[in-house]
$ cat coords.cif   # mmCIF, C-alpha atoms (C1' of nucleotides)
data_my_file
#
loop_
_atom_site.label_atom_id
_atom_site.label_comp_id
_atom_site.auth_asym_id
_atom_site.auth_seq_id
_atom_site.Cartn_x
_atom_site.Cartn_y
_atom_site.Cartn_z
CA MET U 1224 175.77 -28.83 -15.83
CA SER U 1225 174.81 -31.16 -13.01
CA ALA U 1226 171.31 -31.26 -11.58
CA ARG U 1227 172.57 -29.83 -8.32
CA ARG U 1228 174.30 -26.98 -10.03
CA ASN U 1229 171.12 -26.23 -11.92
CA GLU U 1230 169.16 -26.23 -8.69
CA LEU U 1231 171.61 -23.74 -7.27
CA THR U 1232 171.10 -21.40 -10.22
CA ARG U 1233 167.34 -21.56 -9.72
CA THR U 1234 167.69 -20.86 -6.00
CA ALA U 1235 169.95 -17.92 -6.77
CA ALA U 1236 167.39 -16.50 -9.20
CA ARG U 1237 164.70 -16.76 -6.55
CA LEU U 1238 166.71 -15.14 -3.78
CA PHE U 1239 168.25 -12.46 -5.99
CA ALA U 1240 164.75 -11.52 -7.16
CA GLU U 1241 163.40 -11.52 -3.62
CA LYS U 1242 166.19 -9.80 -1.68
CA GLY U 1243 168.48 -8.39 -4.33
CA TYR U 1244 171.95 -9.56 -5.30
CA HIS U 1245 173.77 -7.63 -2.58
CA GLY U 1246 171.01 -8.47 -0.12
CA THR U 1247 171.55 -12.19 -0.63
CA SER U 1248 174.56 -13.77 1.08
CA ILE U 1249 176.28 -17.01 0.24
CA GLY U 1250 175.00 -18.16 3.61
CA ASP U 1251 171.42 -17.44 2.55
CA LEU U 1252 171.90 -19.49 -0.59
CA ALA U 1253 173.46 -22.35 1.35
CA GLU U 1254 170.61 -22.37 3.83
CA ALA U 1255 168.05 -22.46 1.03
CA MET U 1256 169.93 -25.40 -0.47
CA GLY U 1257 170.11 -27.15 2.90
CA VAL U 1258 173.89 -27.14 2.93
CA GLN U 1259 176.90 -25.49 4.56
CA LYS U 1260 178.02 -22.36 2.77
CA GLY U 1261 181.47 -23.68 1.95
CA SER U 1262 179.84 -26.55 0.08
CA LEU U 1263 178.56 -24.23 -2.62
CA TYR U 1264 182.11 -23.79 -3.89
CA ALA U 1265 182.02 -27.30 -5.25
CA HIS U 1266 179.72 -25.81 -7.89
CA ILE U 1267 180.82 -22.23 -8.43
CA GLU U 1268 183.98 -20.18 -8.35
CA SER U 1269 182.33 -17.07 -6.98
CA LYS U 1270 178.99 -15.52 -6.11
CA ALA U 1271 179.24 -13.39 -9.22
CA ASP U 1272 179.07 -16.56 -11.33
CA LEU U 1273 175.50 -17.11 -10.17
CA LEU U 1274 174.41 -13.62 -11.15
CA TRP U 1275 176.02 -14.12 -14.51
CA ASP U 1276 174.25 -17.43 -15.08
CA VAL U 1277 170.84 -16.04 -14.19
CA ALA U 1278 171.34 -12.92 -16.28
CA ARG U 1279 172.40 -14.95 -19.30
CA GLU U 1280 169.45 -17.25 -18.89
CA GLY U 1281 167.23 -14.18 -18.93
CA SER U 1282 168.84 -12.90 -22.11
CA ALA U 1283 168.37 -16.27 -23.75
CA ALA U 1284 164.73 -16.52 -22.70
CA PHE U 1285 163.75 -13.10 -24.01
CA HIS U 1286 165.63 -13.47 -27.27
CA ALA U 1287 164.07 -16.91 -27.76
CA ALA U 1288 160.68 -15.33 -27.18
CA LEU U 1289 161.32 -12.80 -29.94
CA ASP U 1290 162.60 -15.57 -32.19
CA SER U 1291 159.08 -17.01 -32.16
CA VAL U 1292 157.76 -13.83 -33.78
CA PRO U 1293 157.59 -14.26 -37.58
CA ASP U 1294 159.74 -12.08 -39.82
CA GLU U 1295 156.90 -11.35 -42.16
CA GLY U 1296 153.19 -10.75 -42.12
CA PRO U 1297 151.19 -7.82 -40.78
CA VAL U 1298 153.28 -5.74 -38.40
CA VAL U 1299 150.32 -5.27 -36.10
CA GLU U 1300 150.14 -9.02 -35.58
CA ARG U 1301 153.87 -9.23 -35.02
CA ILE U 1302 153.77 -6.53 -32.39
CA ARG U 1303 150.96 -8.38 -30.68
CA ALA U 1304 153.00 -11.60 -30.85
CA ALA U 1305 156.07 -9.87 -29.44
CA LEU U 1306 154.15 -8.47 -26.49
CA ARG U 1307 152.57 -11.85 -25.84
CA ALA U 1308 155.93 -13.58 -25.98
CA HIS U 1309 157.63 -11.08 -23.69
CA LEU U 1310 154.92 -11.10 -21.05
CA ARG U 1311 154.77 -14.87 -21.13
CA VAL U 1312 158.45 -15.08 -20.26
CA VAL U 1313 157.94 -12.65 -17.39
CA ALA U 1314 155.01 -14.58 -15.95
CA GLU U 1315 156.52 -18.03 -16.43
CA GLN U 1316 160.05 -17.20 -15.31
CA LEU U 1317 159.45 -14.30 -12.98
CA ASP U 1318 162.63 -14.70 -10.93
CA ILE U 1319 164.85 -14.82 -13.96
CA ALA U 1320 163.00 -11.93 -15.59
CA THR U 1321 163.43 -9.88 -12.42
CA VAL U 1322 167.17 -10.43 -12.42
CA PHE U 1323 167.27 -9.67 -16.14
CA VAL U 1324 165.51 -6.35 -15.64
CA ARG U 1325 166.70 -5.18 -12.25
CA GLU U 1326 169.74 -7.01 -10.88
CA TRP U 1327 171.94 -7.23 -13.97
CA ARG U 1328 173.60 -3.94 -13.12
CA TYR U 1329 175.63 -5.60 -10.38
CA LEU U 1330 177.49 -7.54 -13.05
CA GLU U 1331 181.09 -6.38 -13.37
CA GLY U 1332 183.76 -6.18 -16.03
CA GLU U 1333 183.28 -7.66 -19.46
CA ARG U 1334 180.39 -9.78 -18.31
CA ARG U 1335 178.49 -6.59 -17.70
CA ASP U 1336 179.49 -5.24 -21.09
CA GLU U 1337 178.36 -8.41 -22.79
CA PHE U 1338 175.03 -8.35 -20.99
CA VAL U 1339 174.38 -4.72 -21.85
CA ALA U 1340 175.05 -5.49 -25.51
CA GLU U 1341 172.55 -8.34 -25.48
CA ARG U 1342 169.98 -6.20 -23.74
CA ARG U 1343 170.44 -3.40 -26.21
CA ARG U 1344 170.12 -5.86 -29.06
CA TYR U 1345 166.86 -7.11 -27.62
CA GLU U 1346 165.41 -3.64 -27.40
CA GLU U 1347 166.57 -2.89 -30.92
CA ARG U 1348 164.76 -5.94 -32.24
CA PHE U 1349 161.66 -4.78 -30.44
CA ARG U 1350 161.99 -1.24 -31.70
CA GLY U 1351 162.48 -2.47 -35.24
CA LEU U 1352 158.92 -3.74 -35.35
CA PHE U 1353 157.54 -0.27 -34.79
CA ARG U 1354 159.82 1.35 -37.30
CA GLU U 1355 158.93 -1.24 -39.87
CA GLY U 1356 155.26 -0.72 -39.19
CA ARG U 1357 155.58 2.94 -40.02
CA GLU U 1358 157.80 2.40 -43.05
CA LEU U 1359 155.45 -0.20 -44.51
CA GLY U 1360 152.48 2.09 -44.00
CA GLU U 1361 150.71 -0.18 -41.54
CA LEU U 1362 151.08 2.42 -38.83
CA ARG U 1363 150.44 6.12 -39.27
CA ALA U 1364 153.02 7.87 -41.40
CA ASP U 1365 153.74 10.56 -38.83
CA LEU U 1366 154.26 8.04 -36.02
CA ASP U 1367 157.09 8.74 -33.58
CA ASP U 1368 158.10 5.10 -33.61
CA ALA U 1369 160.88 5.51 -31.05
CA THR U 1370 158.43 6.90 -28.52
CA ALA U 1371 155.86 4.23 -29.32
CA ALA U 1372 158.45 1.50 -28.85
CA LEU U 1373 159.55 3.13 -25.62
CA LEU U 1374 155.98 3.06 -24.33
CA ALA U 1375 155.57 -0.61 -25.20
CA LEU U 1376 158.97 -1.56 -23.80
CA SER U 1377 158.24 0.31 -20.59
CA ALA U 1378 155.13 -1.76 -20.00
CA ALA U 1379 157.12 -4.90 -20.84
CA ASN U 1380 160.01 -4.03 -18.55
CA TRP U 1381 157.85 -2.89 -15.68
CA ALA U 1382 155.67 -6.00 -15.78
CA TYR U 1383 157.89 -7.96 -13.38
CA THR U 1384 156.71 -5.70 -10.57
CA TRP U 1385 153.02 -6.57 -10.82
CA LEU U 1386 152.62 -9.76 -12.88
CA ARG U 1387 151.58 -12.78 -10.84
CA PRO U 1388 153.77 -15.85 -11.47
CA GLY U 1389 152.19 -18.17 -13.98
CA ALA U 1390 149.35 -15.78 -14.83
CA ASP U 1391 147.79 -15.94 -18.27
CA THR U 1392 149.25 -13.02 -20.17
CA THR U 1393 147.72 -13.44 -23.61
CA ASP U 1394 144.68 -11.31 -22.91
CA LEU U 1395 146.76 -8.72 -21.19
CA ALA U 1396 149.19 -8.46 -24.09
CA ASP U 1397 146.29 -8.07 -26.47
CA ARG U 1398 144.75 -5.31 -24.38
CA PHE U 1399 148.07 -3.48 -24.40
CA THR U 1400 148.30 -3.94 -28.14
CA ALA U 1401 144.78 -2.65 -28.70
CA LEU U 1402 145.51 0.43 -26.62
CA LEU U 1403 148.76 1.13 -28.38
CA LEU U 1404 147.10 0.76 -31.76
CA ASP U 1405 143.87 2.71 -31.34
CA GLY U 1406 144.32 4.68 -28.14
CA MET U 1407 141.76 5.43 -25.52
CA ARG U 1408 140.03 8.45 -26.98
CA GLY U 1409 137.72 6.55 -29.27
CA TYR U 1410 137.01 8.33 -32.51
CA ALA U 1411 133.63 6.65 -32.85
CA THR U 1412 132.20 8.45 -29.85
CA ARG U 1413 133.96 11.76 -30.26
CA MET D 554 167.48 19.69 9.68
CA SER D 555 171.01 21.06 9.49
CA ALA D 556 172.69 21.84 6.21
CA ARG D 557 175.18 19.06 6.77
CA ARG D 558 172.46 16.54 7.46
CA ASN D 559 170.68 17.60 4.31
CA GLU D 560 173.88 17.17 2.36
CA LEU D 561 174.16 13.66 3.72
CA THR D 562 170.66 12.80 2.55
CA ARG D 563 171.50 14.03 -0.93
CA THR D 564 174.71 12.03 -1.01
CA ALA D 565 172.82 8.96 0.13
CA ALA D 566 170.27 9.41 -2.65
CA ARG D 567 173.05 9.65 -5.19
CA LEU D 568 174.94 6.58 -4.01
CA PHE D 569 171.84 4.47 -3.40
CA ALA D 570 170.70 5.25 -6.94
CA GLU D 571 174.14 4.48 -8.34
CA LYS D 572 175.14 1.36 -6.43
CA GLY D 573 172.00 0.25 -4.66
CA TYR D 574 171.20 0.44 -0.96
CA HIS D 575 172.96 -2.79 -0.03
CA GLY D 576 175.75 -1.99 -2.45
CA THR D 577 176.49 1.27 -0.64
CA SER D 578 178.40 1.05 2.64
CA ILE D 579 178.56 3.60 5.43
CA GLY D 580 182.22 3.88 4.48
CA ASP D 581 181.26 4.83 0.91
CA LEU D 582 178.97 7.54 2.22
CA ALA D 583 181.64 8.84 4.59
CA GLU D 584 184.22 8.97 1.83
CA ALA D 585 181.82 10.89 -0.42
CA MET D 586 181.25 13.34 2.44
CA GLY D 587 185.01 13.63 3.08
CA VAL D 588 184.71 12.37 6.62
CA GLN D 589 185.41 9.33 8.81
CA LYS D 590 182.59 6.85 8.80
CA GLY D 591 181.96 7.07 12.54
CA SER D 592 181.31 10.79 12.11
CA LEU D 593 178.12 10.13 10.21
CA TYR D 594 176.47 8.97 13.41
CA ALA D 595 176.39 12.55 14.64
CA HIS D 596 173.60 12.96 12.06
CA ILE D 597 171.80 9.62 11.87
CA GLU D 598 170.95 6.72 14.11
CA SER D 599 171.32 4.08 11.44
CA LYS D 600 171.88 3.56 7.75
CA ALA D 601 168.21 2.68 7.38
CA ASP D 602 167.33 6.25 8.39
CA LEU D 603 168.88 7.53 5.19
CA LEU D 604 166.89 5.17 3.00
CA TRP D 605 163.76 6.23 4.83
CA ASP D 606 164.50 9.92 4.35
CA VAL D 607 165.13 9.56 0.63
CA ALA D 608 162.08 7.38 0.11
CA ARG D 609 159.85 9.84 1.94
CA GLU D 610 161.26 12.71 -0.04
CA GLY D 611 160.35 10.79 -3.18
CA SER D 612 156.81 10.23 -1.97
CA ALA D 613 156.45 13.90 -1.17
CA ALA D 614 157.82 14.99 -4.55
CA PHE D 615 155.52 12.78 -6.60
CA HIS D 616 152.44 13.60 -4.56
CA ALA D 617 153.26 17.29 -4.81
CA ALA D 618 153.55 16.86 -8.56
CA LEU D 619 150.05 15.40 -8.72
CA ASP D 620 148.78 18.17 -6.47
CA SER D 621 149.59 20.60 -9.25
CA VAL D 622 147.09 18.85 -11.53
CA PRO D 623 143.71 20.58 -11.36
CA ASP D 624 140.69 18.72 -10.01
CA GLU D 625 138.48 19.86 -12.83
CA GLY D 626 138.62 20.60 -16.50
CA PRO D 627 139.05 18.24 -19.47
CA VAL D 628 140.40 14.88 -18.32
CA VAL D 629 142.63 14.68 -21.35
CA GLU D 630 144.40 17.85 -20.24
CA ARG D 631 144.70 16.56 -16.69
CA ILE D 632 146.27 13.32 -17.85
CA ARG D 633 148.72 15.31 -19.92
CA ALA D 634 149.48 17.47 -16.89
CA ALA D 635 149.96 14.44 -14.66
CA LEU D 636 152.41 12.84 -17.07
CA ARG D 637 154.28 16.11 -17.41
CA ALA D 638 154.47 16.52 -13.66
CA HIS D 639 155.63 12.98 -13.04
CA LEU D 640 158.33 13.00 -15.69
CA ARG D 641 159.54 16.39 -14.52
CA VAL D 642 160.14 15.00 -11.03
CA VAL D 643 162.04 12.07 -12.48
CA ALA D 644 164.28 14.25 -14.62
CA GLU D 645 164.87 16.93 -11.99
CA GLN D 646 165.36 14.63 -9.02
CA LEU D 647 166.61 11.49 -10.70
CA ASP D 648 168.40 10.04 -7.68
CA ILE D 649 165.42 10.44 -5.41
CA ALA D 650 163.07 9.09 -8.06
CA THR D 651 165.32 6.05 -8.52
CA VAL D 652 165.20 5.28 -4.82
CA PHE D 653 161.45 5.86 -4.83
CA VAL D 654 160.94 3.38 -7.64
CA ARG D 655 163.65 0.78 -7.08
CA GLU D 656 165.28 0.89 -3.66
CA TRP D 657 162.29 1.41 -1.39
CA ARG D 658 161.83 -2.33 -0.99
CA TYR D 659 164.79 -2.51 1.35
CA LEU D 660 162.80 -0.53 3.88
CA GLU D 661 161.81 -2.64 6.87
CA GLY D 662 159.02 -2.80 9.42
CA GLU D 663 156.35 -0.16 9.63
CA ARG D 664 158.40 2.27 7.59
CA ARG D 665 158.03 -0.11 4.71
CA ASP D 666 154.30 -0.45 5.31
CA GLU D 667 153.88 3.29 5.42
CA PHE D 668 155.82 3.75 2.21
CA VAL D 669 153.83 1.09 0.39
CA ALA D 670 150.61 2.79 1.43
CA GLU D 671 151.81 6.11 0.08
CA ARG D 672 152.93 4.52 -3.14
CA ARG D 673 149.62 2.78 -3.59
CA ARG D 674 147.81 6.01 -2.89
CA TYR D 675 149.86 7.73 -5.59
CA GLU D 676 148.99 5.11 -8.16
CA GLU D 677 145.33 5.28 -7.17
CA ARG D 678 145.28 9.00 -7.74
CA PHE D 679 146.84 8.43 -11.14
CA ARG D 680 144.44 5.65 -12.02
CA GLY D 681 141.49 7.80 -10.97
CA LEU D 682 142.12 10.15 -13.86
CA PHE D 683 141.58 7.40 -16.38
CA ARG D 684 138.48 6.07 -14.70
CA GLU D 685 137.04 9.54 -14.53
CA GLY D 686 137.78 10.10 -18.17
CA ARG D 687 135.75 7.07 -19.12
CA GLU D 688 132.91 7.84 -16.72
CA LEU D 689 132.60 11.41 -17.96
CA GLY D 690 132.54 10.25 -21.55
CA GLU D 691 135.76 11.98 -22.52
CA LEU D 692 137.42 8.65 -23.21
CA ARG D 693 135.79 5.78 -25.07
CA ALA D 694 133.00 4.11 -23.16
CA ASP D 695 134.44 0.62 -23.53
CA LEU D 696 137.88 1.67 -22.31
CA ASP D 697 139.70 -0.73 -20.00
CA ASP D 698 140.82 2.12 -17.79
CA ALA D 699 142.85 -0.08 -15.43
CA THR D 700 144.97 -1.34 -18.31
CA ALA D 701 145.32 2.15 -19.76
CA ALA D 702 146.47 3.49 -16.40
CA LEU D 703 148.86 0.58 -16.08
CA LEU D 704 150.38 1.40 -19.45
CA ALA D 705 150.83 5.04 -18.52
CA LEU D 706 152.20 4.24 -15.07
CA SER D 707 154.63 1.74 -16.55
CA ALA D 708 156.12 4.41 -18.75
CA ALA D 709 156.25 6.75 -15.77
CA ASN D 710 157.87 4.22 -13.46
CA TRP D 711 160.36 2.98 -16.02
CA ALA D 712 161.48 6.47 -16.97
CA TYR D 713 164.21 6.61 -14.32
CA THR D 714 166.19 4.05 -16.34
CA TRP D 715 166.53 6.14 -19.47
CA LEU D 716 165.74 9.78 -18.68
CA ARG D 717 168.76 12.09 -18.68
CA PRO D 718 169.02 14.23 -15.55
CA GLY D 719 167.59 17.66 -16.12
CA ALA D 720 166.20 16.83 -19.56
CA ASP D 721 163.17 18.71 -20.80
CA THR D 722 160.29 16.30 -20.36
CA THR D 723 157.31 18.39 -21.49
CA ASP D 724 157.51 17.32 -25.11
CA LEU D 725 158.08 13.74 -24.14
CA ALA D 726 155.06 13.69 -21.84
CA ASP D 727 152.94 15.16 -24.59
CA ARG D 728 154.11 12.55 -27.07
CA PHE D 729 153.18 9.82 -24.60
CA THR D 730 149.81 11.45 -24.06
CA ALA D 731 149.14 11.70 -27.77
CA LEU D 732 150.01 8.05 -28.25
CA LEU D 733 147.83 6.94 -25.38
CA LEU D 734 144.93 9.00 -26.67
CA ASP D 735 144.94 8.26 -30.37
CA GLY D 736 147.23 5.29 -30.77
CA MET D 737 149.65 4.58 -33.54
CA ARG D 738 147.39 3.03 -36.15
CA GLY D 739 146.12 6.29 -37.55
CA TYR D 740 142.54 6.13 -38.74
CA ALA D 741 143.12 8.92 -41.23
CA THR D 742 145.54 6.90 -43.32
CA ARG D 743 143.93 3.52 -42.91
"C1'" DC W 1079 185.85 34.97 27.65
"C1'" DC W 1080 183.19 31.29 28.62
"C1'" DA W 1081 179.65 27.89 27.79
"C1'" DC W 1082 177.38 25.29 24.55
"C1'" DC W 1083 176.33 22.74 20.54
"C1'" DT W 1084 177.43 20.77 16.31
"C1'" DT W 1085 180.68 18.24 13.95
"C1'" DC W 1086 184.43 15.22 13.46
"C1'" DC W 1087 188.32 12.12 14.85
"C1'" DG W 1088 190.40 7.80 16.06
"C1'" DA W 1089 190.06 3.45 17.68
"C1'" DA W 1090 187.72 -0.31 18.55
"C1'" DC W 1091 183.55 -3.63 18.90
"C1'" DG W 1092 181.23 -8.04 17.44
"C1'" DA W 1093 179.04 -9.74 13.43
"C1'" DT W 1094 178.96 -11.13 8.98
"C1'" DC W 1095 180.95 -11.23 4.47
"C1'" DG W 1096 182.98 -14.23 0.43
"C1'" DT W 1097 186.32 -17.59 0.01
"C1'" DT W 1098 189.80 -21.44 0.88
"C1'" DA W 1099 191.52 -25.91 2.36
"C1'" DG W 1100 191.66 -30.53 3.92
"C1'" DT W 1101 188.87 -34.18 4.97
"C1'" DT W 1102 184.86 -37.09 4.80
"C1'" DT W 1103 180.60 -38.78 2.99
"C1'" DT W 1104 177.65 -40.24 -0.78
"C1'" DC W 1105 176.67 -42.55 -4.86
"C1'" DG W 1106 176.78 -44.41 -9.68
"C1'" DC W 1107 179.17 -47.73 -12.19
"C1'" DA W 1108 182.66 -51.07 -13.47
"C1'" DT M 410 182.64 -55.07 -3.91
"C1'" DG M 411 185.64 -51.64 -4.81
"C1'" DC M 412 186.93 -47.25 -7.42
"C1'" DG M 413 186.54 -42.65 -8.61
"C1'" DA M 414 184.18 -38.59 -8.92
"C1'" DA M 415 180.86 -35.45 -7.12
"C1'" DA M 416 179.11 -33.30 -3.19
"C1'" DA M 417 179.12 -31.82 1.53
"C1'" DC M 418 181.38 -31.00 6.08
"C1'" DT M 419 184.24 -28.45 9.34
"C1'" DA M 420 187.15 -24.95 10.45
"C1'" DA M 421 189.25 -21.09 9.63
"C1'" DC M 422 191.01 -16.96 6.88
"C1'" DG M 423 191.29 -11.79 6.18
"C1'" DA M 424 188.26 -8.22 4.89
"C1'" DT M 425 184.55 -5.45 5.51
"C1'" DC M 426 180.21 -4.49 7.60
"C1'" DG M 427 177.28 -1.17 10.69
"C1'" DT M 428 177.77 0.81 15.00
"C1'" DT M 429 179.66 2.71 19.55
"C1'" DC M 430 182.29 5.78 22.39
"C1'" DG M 431 185.30 9.24 24.62
"C1'" DG M 432 187.40 13.07 23.46
"C1'" DA M 433 188.85 17.05 20.58
"C1'" DA M 434 188.06 20.75 17.35
"C1'" DG M 435 185.31 24.68 15.65
"C1'" DG M 436 182.10 28.12 15.58
"C1'" DT M 437 178.09 30.91 17.73
"C1'" DG M 438 175.58 33.53 21.03
"C1'" DG M 439 175.43 35.34 25.78
#
$ encode --input "coords.cif" --output "structure tokens"
Amino acid sequence: MSARRNELTRTAARLFAEKGYHGTSIGDLAEAMGVQKGSLYAHIESKADLLWDVAREGSAAFHAALDSVPDEGPVVERIRAALRAHLRVVAEQLDIATVFVREWRYLEGERRDEFVAERRRYEERFRGLFREGRELGELRADLDDATAALLALSAANWAYTWLRPGADTTDLADRFTALLLDGMRGYATR
Amino acid sequence: MSARRNELTRTAARLFAEKGYHGTSIGDLAEAMGVQKGSLYAHIESKADLLWDVAREGSAAFHAALDSVPDEGPVVERIRAALRAHLRVVAEQLDIATVFVREWRYLEGERRDEFVAERRRYEERFRGLFREGRELGELRADLDDATAALLALSAANWAYTWLRPGADTTDLADRFTALLLDGMRGYATR
DNA sequence: CCACCTTCCGAACGATCGTTAGTTTTCGCA
DNA sequence: TGCGAAAACTAACGATCGTTCGGAAGGTGG
């Protein structure tokens, strides 16, 4: 992929995140690239190609983030690592993360199907950590792991709306982890 | 507001939630109403009016839900009540909730400003419960209440993506509350 | 029965949409 | 210096967009 084509993908991610896929015209993209709109078709076959590229890049980034989480070791640490990794992707690639979370649904046909499968797979990997934690006895035996995973994934998926680009997310991820683990009631002071 | 006009607002909420504001044309709305598209202008002045109506209805619904939470009594019970109330609105008025959470950003001008203020006010009311819980000693003294509120609000705001319309949300809200309060580590079995 | 008001029709408006085509410019490399 | 490929320009296409307007139904209350 040429440098120019790559620049176009990045511009598309930015504008799609800012104004939405249907709210961004080919003319908007051309203007942001400093070019006539017809010129963009030297790089793409259709506007939908750009959405597809950005969405796939998001899938790749989040799966790569989970790949950095070890397969073994204390589940608590792995959950912490997964939250750190996810939030880091959101903060460092906010435009792409926004498209991954919010704009993907304008994909059509088999591209959409393929994306949904990848997204589901991602959430399954995430969920697996919580199930494993319960099964291995590192989390409480009566844990509703699906609900716990849903709570964690909600925070992860909603983060694009309030995370500042480039912010340090390690502390934040750890605070989320601490809350999820021990709650806010505080047995010590009860 | 006439019955027909009300029907139009409901149709707009449904299509905006399904295909997005910019992905829904006046022609789509007219077809769903079984009418020529020009006919819609007997009821509205512009397409933006419909987005504004749905967004305001969302604001009203969520604020009304919080109004049902008592001002006094155990904070833990009030947080549970707030989560129940919020999730009930999402499940019972899914289209409106979707527009409230996702499509509002296509509002323009002072309408947008007014909406943002109402949304911020809602989140402040929600956050206040957690702060109060810490201050009154019902939650742990070292609680990061902003992060705790963020975690709860994330689950609330993300719910529109997975909640089935009309689902019973009381149990779900209580499971979230239990997790937030006591966490998933489980001191008893540690 | 008439007057009125809501609702809708049918046709058209200028603007903008995504896309195509033929041509020209730009630029790295032989 | 000249060649070939990549990139951009210019102009236009048909389709669709949101919106306007004059007139015609349709029903309700006086």
$ atom_distance --input "coords.cif" --atom1 "atom CA of D:Asp666" --atom2 "atom C1' of M:DT428"
25.4 Å
$ atom_distance --input "coords.cif" --atom1 "atom CA of U:His1286" --atom2 "atom CA of U:Val1299"
19.5 Å
$ closest_residue --input "coords.cif" --among "M:DC412, M:DC422, M:DA417, M:DC430" --to "chain D" --atoms "all atoms listed in the file"
M:DC430
$ closest_residue --input "coords.cif" --among "M:DA421, M:DT410, M:DG427, M:DA433" --to "W:DG1088" --atoms "only C-alpha atoms (C1' of nucleotides)"
M:DA433
$ resolve_selection --input "coords.cif" --expression "the PyMOL selection byres ((chain W and resi 1092-1100) around 10)" --output "PyMOL selection string"
(chain U and resi 1248-1250+1260-1261+1264+1268-1270) or (chain W and resi 1091+1101-1102) or (chain M and resi 419-428)
$ resolve_selection --input "coords.cif" --expression "the PyMOL selection byres ((chain D and resi 712) around 12)" --output "JSON, numbers by chain"
{"U": [1370, 1373, 1374, 1376, 1377, 1378, 1380, 1381], "D": [636, 639, 640, 641, 642, 643, 644, 647, 650, 651, 654, 655, 705, 706, 707, 708, 709, 710, 711, 713, 714, 715, 716, 717, 718, 720, 722, 725, 726, 729]}
$ resolve_selection --input "coords.cif" --expression "the PyMOL selection byres ((chain U) within 7 of (chain D))" --output "VMD selection string"
chain U and resid 1245 to 1246 1362 to 1363 1366 1374 1377 to 1378 1381 1402 to 1409 1412
$ write_last_selection --input "coords.cif" --atoms "C-alpha atoms" --output "PDB file, in the coordinates of the input"
ATOM      1  CA  HIS U1245     173.770  -7.630  -2.580  1.00  0.00           C
ATOM      2  CA  GLY U1246     171.010  -8.470  -0.120  1.00  0.00           C
ATOM      3  CA  LEU U1362     151.080   2.420 -38.830  1.00  0.00           C
ATOM      4  CA  ARG U1363     150.440   6.120 -39.270  1.00  0.00           C
ATOM      5  CA  LEU U1366     154.260   8.040 -36.020  1.00  0.00           C
ATOM      6  CA  LEU U1374     155.980   3.060 -24.330  1.00  0.00           C
ATOM      7  CA  SER U1377     158.240   0.310 -20.590  1.00  0.00           C
ATOM      8  CA  ALA U1378     155.130  -1.760 -20.000  1.00  0.00           C
ATOM      9  CA  TRP U1381     157.850  -2.890 -15.680  1.00  0.00           C
ATOM     10  CA  LEU U1402     145.510   0.430 -26.620  1.00  0.00           C
ATOM     11  CA  LEU U1403     148.760   1.130 -28.380  1.00  0.00           C
ATOM     12  CA  LEU U1404     147.100   0.760 -31.760  1.00  0.00           C
ATOM     13  CA  ASP U1405     143.870   2.710 -31.340  1.00  0.00           C
ATOM     14  CA  GLY U1406     144.320   4.680 -28.140  1.00  0.00           C
ATOM     15  CA  MET U1407     141.760   5.430 -25.520  1.00  0.00           C
ATOM     16  CA  ARG U1408     140.030   8.450 -26.980  1.00  0.00           C
ATOM     17  CA  GLY U1409     137.720   6.550 -29.270  1.00  0.00           C
ATOM     18  CA  THR U1412     132.200   8.450 -29.850  1.00  0.00           C
TER      19      THR U1412
END
$ residues_around --input "coords.cif" --residues "W:DT1103" --least-positions-apart "6" --cutoff "12 Å" --atoms "all atoms listed in the file" --output "MDAnalysis selection string"
chainID M and resid 415:418
$ write_last_selection --input "coords.cif" --atoms "C-alpha atoms (C1' of nucleotides)" --output "PDB file, keeping the file's coordinate frame"
ATOM      1  C1'  DA M 415     180.860 -35.450  -7.120  1.00  0.00           C
ATOM      2  C1'  DA M 416     179.110 -33.300  -3.190  1.00  0.00           C
ATOM      3  C1'  DA M 417     179.120 -31.820   1.530  1.00  0.00           C
ATOM      4  C1'  DC M 418     181.380 -31.000   6.080  1.00  0.00           C
TER       5       DC M 418
END
$ closest_residue --input "coords.cif" --among "M:DG439, M:DT429, M:DA434, M:DA414" --to "W:DT1085" --atoms "all atoms listed in the file"
M:DA434
$ atom_distance --input "coords.cif" --atom1 "atom CA of U:Ala1271" --atom2 "atom CA of U:Glu1337"
14.5 Å
$ residues_around --input "coords.cif" --residues "U:Leu1252" --least-positions-apart "2" --cutoff "10 Å" --atoms "all atoms listed in the file" --output "list of chain:residue names"
U:Leu1231, U:Thr1232, U:Thr1234, U:Ala1235, U:Arg1237, U:Leu1238, U:Phe1239, U:Thr1247, U:Ser1248, U:Ile1249, U:Gly1250, U:Glu1254, U:Ala1255, U:Met1256, U:Gly1257, U:Val1258, U:Gln1259, U:Lys1260, U:Leu1263, U:Lys1270
$ axis_aligned_box --input "coords.cif" --around "stretch 419-428 of chain M" --padding-each-side "6 Å" --output "JSON"
{"center_x": 184.3, "center_y": -13.8, "center_z": 9.9, "size_x": 26.0, "size_y": 41.3, "size_z": 22.1}
$ residues_around --input "coords.cif" --residues "U:Glu1295" --least-positions-apart "6" --cutoff "12 Å" --atoms "only C-alpha atoms (C1' of nucleotides)" --output "PyMOL selection string"
chain U and resi 1301-1302+1304+1352+1355-1356+1359
$ closest_residue --input "coords.cif" --among "U:Arg1279, U:Arg1228, U:Arg1335, U:Arg1303" --to "chain M" --atoms "all atoms listed in the file"
U:Arg1228
